[in-house]
file work.pdb (PDB, C-alpha atoms)
MODEL        1
ATOM      1  CA  MET A  26      15.416 -79.395  43.123  1.00  0.00           C
ATOM      2  CA  LYS A  27      14.207 -77.821  46.317  1.00  0.00           C
ATOM      3  CA  HIS A  28      14.876 -79.878  49.475  1.00  0.00           C
ATOM      4  CA  LYS A  29      17.136 -82.286  47.574  1.00  0.00           C
ATOM      5  CA  GLY A  30      18.795 -83.522  50.777  1.00  0.00           C
ATOM      6  CA  LEU A  31      15.436 -84.352  52.370  1.00  0.00           C
ATOM      7  CA  ASN A  32      14.404 -86.109  49.176  1.00  0.00           C
ATOM      8  CA  GLN A  33      17.557 -88.215  49.189  1.00  0.00           C
ATOM      9  CA  LEU A  34      17.089 -89.000  52.886  1.00  0.00           C
ATOM     10  CA  LEU A  35      13.542 -90.249  52.277  1.00  0.00           C
ATOM     11  CA  CYS A  36      14.661 -92.238  49.246  1.00  0.00           C
ATOM     12  CA  ALA A  37      17.387 -93.969  51.241  1.00  0.00           C
ATOM     13  CA  ALA A  38      14.871 -94.774  53.980  1.00  0.00           C
ATOM     14  CA  THR A  39      12.486 -96.159  51.365  1.00  0.00           C
ATOM     15  CA  VAL A  40      14.971 -98.571  49.807  1.00  0.00           C
ATOM     16  CA  ASN A  41      16.856 -99.742  52.902  1.00  0.00           C
ATOM     17  CA  GLY A  42      15.093-101.120  55.974  1.00  0.00           C
ATOM     18  CA  ARG A  43      18.104-100.843  58.265  1.00  0.00           C
ATOM     19  CA  PHE A  44      18.657 -97.182  57.381  1.00  0.00           C
ATOM     20  CA  ARG A  45      14.918 -96.549  57.769  1.00  0.00           C
ATOM     21  CA  GLU A  46      14.880 -97.998  61.291  1.00  0.00           C
ATOM     22  CA  THR A  47      17.945 -95.955  62.244  1.00  0.00           C
ATOM     23  CA  LEU A  48      16.318 -92.800  60.887  1.00  0.00           C
ATOM     24  CA  LEU A  49      13.124 -93.457  62.833  1.00  0.00           C
ATOM     25  CA  HIS A  50      14.788 -94.381  66.135  1.00  0.00           C
ATOM     26  CA  ASN A  51      18.053 -92.430  66.063  1.00  0.00           C
ATOM     27  CA  PRO A  52      17.932 -89.696  63.417  1.00  0.00           C
ATOM     28  CA  ALA A  53      21.194 -88.108  64.595  1.00  0.00           C
ATOM     29  CA  GLN A  54      23.025 -91.373  63.918  1.00  0.00           C
ATOM     30  CA  ALA A  55      21.323 -91.755  60.526  1.00  0.00           C
ATOM     31  CA  LEU A  56      22.392 -88.260  59.486  1.00  0.00           C
ATOM     32  CA  ALA A  57      25.925 -88.671  60.838  1.00  0.00           C
ATOM     33  CA  GLY A  58      26.428 -92.068  59.192  1.00  0.00           C
ATOM     34  CA  GLY A  59      24.824 -91.236  55.879  1.00  0.00           C
ATOM     35  CA  TYR A  60      23.877 -93.941  53.411  1.00  0.00           C
ATOM     36  CA  LEU A  61      26.304 -95.874  51.194  1.00  0.00           C
ATOM     37  CA  ASN A  62      29.087 -93.334  51.734  1.00  0.00           C
ATOM     38  CA  HIS A  63      26.676 -90.514  50.891  1.00  0.00           C
ATOM     39  CA  THR A  64      26.068 -87.723  53.360  1.00  0.00           C
ATOM     40  CA  PHE A  65      22.885 -85.709  53.192  1.00  0.00           C
ATOM     41  CA  THR A  66      23.251 -81.994  52.583  1.00  0.00           C
ATOM     42  CA  LEU A  67      20.557 -80.366  54.700  1.00  0.00           C
ATOM     43  CA  THR A  68      19.955 -76.774  55.662  1.00  0.00           C
ATOM     44  CA  PRO A  69      20.150 -76.057  59.400  1.00  0.00           C
ATOM     45  CA  GLU A  70      16.329 -75.905  59.442  1.00  0.00           C
ATOM     46  CA  GLU A  71      16.009 -79.259  57.645  1.00  0.00           C
ATOM     47  CA  HIS A  72      18.541 -80.801  60.020  1.00  0.00           C
ATOM     48  CA  GLU A  73      16.573 -79.568  63.038  1.00  0.00           C
ATOM     49  CA  LEU A  74      13.364 -80.881  61.480  1.00  0.00           C
ATOM     50  CA  VAL A  75      14.786 -84.379  60.964  1.00  0.00           C
ATOM     51  CA  LEU A  76      16.173 -84.502  64.500  1.00  0.00           C
ATOM     52  CA  GLY A  77      12.842 -83.378  65.917  1.00  0.00           C
ATOM     53  CA  ILE A  78      10.525 -85.773  64.095  1.00  0.00           C
ATOM     54  CA  ASN A  79       8.923 -88.482  66.190  1.00  0.00           C
ATOM     55  CA  ALA A  80       7.357 -90.981  63.799  1.00  0.00           C
ATOM     56  CA  GLN A  81       6.181 -94.557  64.128  1.00  0.00           C
ATOM     57  CA  GLY A  82       6.856 -95.360  60.485  1.00  0.00           C
ATOM     58  CA  LEU A  83       8.194 -93.920  57.260  1.00  0.00           C
ATOM     59  CA  GLU A  84       4.759 -92.794  56.072  1.00  0.00           C
ATOM     60  CA  ASP A  85       4.327 -90.730  59.246  1.00  0.00           C
ATOM     61  CA  PHE A  86       7.881 -89.375  58.899  1.00  0.00           C
ATOM     62  CA  ALA A  87       7.239 -88.353  55.275  1.00  0.00           C
ATOM     63  CA  ALA A  88       3.902 -86.774  56.223  1.00  0.00           C
ATOM     64  CA  GLN A  89       5.619 -84.623  58.835  1.00  0.00           C
ATOM     65  CA  VAL A  90       8.288 -83.560  56.329  1.00  0.00           C
ATOM     66  CA  HIS A  91       5.537 -82.751  53.822  1.00  0.00           C
ATOM     67  CA  ASP A  92       3.661 -80.637  56.376  1.00  0.00           C
ATOM     68  CA  TRP A  93       6.862 -78.774  57.256  1.00  0.00           C
ATOM     69  CA  ILE A  94       7.653 -78.070  53.597  1.00  0.00           C
ATOM     70  CA  SER A  95       4.130 -76.916  52.882  1.00  0.00           C
ATOM     71  CA  GLY A  96       4.196 -74.666  55.947  1.00  0.00           C
ATOM     72  CA  ALA A  97       1.340 -76.448  57.693  1.00  0.00           C
ATOM     73  CA  THR A  98       1.596 -76.224  61.480  1.00  0.00           C
ATOM     74  CA  GLY A  99      -0.602 -76.554  64.513  1.00  0.00           C
ATOM     75  CA  VAL A 100      -3.852 -78.427  64.904  1.00  0.00           C
ATOM     76  CA  HIS A 101      -4.964 -77.722  61.337  1.00  0.00           C
ATOM     77  CA  ALA A 102      -2.075 -79.799  60.017  1.00  0.00           C
ATOM     78  CA  GLY A 103      -2.956 -82.753  62.233  1.00  0.00           C
ATOM     79  CA  PHE A 104      -0.380 -81.886  64.861  1.00  0.00           C
ATOM     80  CA  HIS A 105      -0.810 -81.058  68.501  1.00  0.00           C
ATOM     81  CA  VAL A 106       2.083 -78.650  68.802  1.00  0.00           C
ATOM     82  CA  ASN A 107       3.884 -78.760  72.100  1.00  0.00           C
ATOM     83  CA  GLY A 108       7.579 -78.016  71.973  1.00  0.00           C
ATOM     84  CA  ARG A 109      10.289 -75.729  70.740  1.00  0.00           C
ATOM     85  CA  ASN A 110       9.628 -76.155  67.035  1.00  0.00           C
ATOM     86  CA  GLY A 111       6.391 -78.102  67.142  1.00  0.00           C
ATOM     87  CA  HIS A 112       7.944 -81.188  65.585  1.00  0.00           C
ATOM     88  CA  GLY A 113       8.817 -84.321  67.476  1.00  0.00           C
ATOM     89  CA  ARG A 114      10.879 -85.388  70.395  1.00  0.00           C
ATOM     90  CA  ASN A 115      11.278 -81.977  71.951  1.00  0.00           C
ATOM     91  CA  GLY A 116       7.506 -81.810  72.488  1.00  0.00           C
ATOM     92  CA  LYS A 117       5.821 -83.538  75.395  1.00  0.00           C
ATOM     93  CA  SER A 118       2.551 -84.426  73.701  1.00  0.00           C
ATOM     94  CA  ARG A 119       1.979 -84.655  69.985  1.00  0.00           C
ATOM     95  CA  TRP A 120       0.227 -86.719  67.415  1.00  0.00           C
ATOM     96  CA  ALA A 121       0.164 -86.705  63.667  1.00  0.00           C
ATOM     97  CA  SER A 122      -2.359 -87.883  61.155  1.00  0.00           C
ATOM     98  CA  ALA A 123      -0.560 -89.687  58.361  1.00  0.00           C
ATOM     99  CA  VAL A 124      -0.874 -88.395  54.823  1.00  0.00           C
ATOM    100  CA  PRO A 125      -0.795 -91.150  52.191  1.00  0.00           C
ATOM    101  CA  LEU A 126       2.530 -91.195  50.381  1.00  0.00           C
ATOM    102  CA  ALA A 127       0.668 -90.681  47.101  1.00  0.00           C
ATOM    103  CA  GLU A 128      -0.031 -87.143  48.341  1.00  0.00           C
ATOM    104  CA  ALA A 129       3.650 -86.357  48.920  1.00  0.00           C
ATOM    105  CA  PRO A 130       4.935 -83.250  47.154  1.00  0.00           C
ATOM    106  CA  ALA A 131       6.431 -83.487  43.688  1.00  0.00           C
ATOM    107  CA  GLU A 132       9.935 -83.091  45.147  1.00  0.00           C
ATOM    108  CA  PHE A 133       9.759 -86.628  46.558  1.00  0.00           C
ATOM    109  CA  HIS A 134      10.465 -88.808  43.565  1.00  0.00           C
ATOM    110  CA  CYS A 135      13.082 -91.427  44.382  1.00  0.00           C
ATOM    111  CA  ALA A 136      13.349 -92.564  40.793  1.00  0.00           C
ATOM    112  CA  THR A 137      14.663 -89.162  39.744  1.00  0.00           C
ATOM    113  CA  VAL A 138      17.332 -88.914  42.443  1.00  0.00           C
ATOM    114  CA  ALA A 139      20.472 -91.005  42.341  1.00  0.00           C
ATOM    115  CA  ILE A 140      21.763 -91.445  45.876  1.00  0.00           C
ATOM    116  CA  GLY A 141      25.432 -90.638  45.860  1.00  0.00           C
ATOM    117  CA  ASN A 142      25.388 -88.005  43.120  1.00  0.00           C
TER     118      ASN A 142
ENDMDL
END

call {"tool": "encode", "arguments": {"input": "work.pdb", "output": "structure tokens"}}
result
Amino acid sequence: MKHKGLNQLLCAATVNGRFRETLLHNPAQALAGGYLNHTFTLTPEEHELVLGINAQGLEDFAAQVHDWISGATGVHAGFHVNGRNGHGRNGKSRWASAVPLAEAPAEFHCATVAIGN
């Protein structure tokens, strides 16, 4: 499965409110701490993406991951890009239009991923 680590990260955030809040407010801590003794295996690009996302909620977070995976960037993706990678905290001014979770890519199916395997 492509982007398995991102999928597992989103699944953990979906099922656990405390992990979700940590991911949204302190992604470095969420990645370092993992979830239920499971660490997330991310590529360097995925790691940078997660650290750079600035989202108000999980739906916004997932929408930004979806846009990154699909290669959508700039104003056409609903982002005002202003920063080193165009995603998140390293930008000074950005906004994102949320994509309903039902439109998430096929890779994001929590039922098919067992956290910890």

call {"tool": "atom_distance", "arguments": {"input": "work.pdb", "atom1": "CA of Leu83 in chain A", "atom2": "CA of Pro52 in chain A"}}
result
12.3 Å

call {"tool": "closest_residue", "arguments": {"input": "work.pdb", "among": "A:Gly82, A:Thr39, A:Thr68, A:Gln89", "to": "Lys27 in chain A", "atoms": "all atoms listed in the file"}}
result
A:Thr68

call {"tool": "residues_around", "arguments": {"input": "work.pdb", "residues": "Gly58 in chain A", "least_positions_apart": "4", "cutoff": "12 Å", "atoms": "all atoms listed in the file", "output": "PyMOL selection string"}}
result
chain A and resi 34+44+47-48+51-54+62-65

call {"tool": "residues_around", "arguments": {"input": "work.pdb", "residues": "His50 in chain A", "least_positions_apart": "6", "cutoff": "9 Å", "atoms": "only C-alpha atoms", "output": "MDAnalysis selection string"}}
result
chainID A and resid 79:81

call {"tool": "atom_distance", "arguments": {"input": "work.pdb", "atom1": "CA of Glu46 in chain A", "atom2": "CA of Gly96 in chain A"}}
result
26.2 Å

call {"tool": "closest_residue", "arguments": {"input": "work.pdb", "among": "A:Thr66, A:Gly59, A:Leu31, A:Arg45", "to": "Trp93 in chain A", "atoms": "all atoms listed in the file"}}
result
A:Leu31

call {"tool": "atom_distance", "arguments": {"input": "work.pdb", "atom1": "CA of Ile94 in chain A", "atom2": "CA of Gly42 in chain A"}}
result
24.3 Å

call {"tool": "closest_residue", "arguments": {"input": "work.pdb", "among": "A:Pro69, A:His28, A:Leu61, A:Leu56", "to": "Asn41 in chain A", "atoms": "all atoms listed in the file"}}
result
A:Leu61

call {"tool": "closest_residue", "arguments": {"input": "work.pdb", "among": "A:Gly30, A:Val75, A:Ser95, A:Ala87", "to": "Tyr60 in chain A", "atoms": "only C-alpha atoms"}}
result
A:Gly30
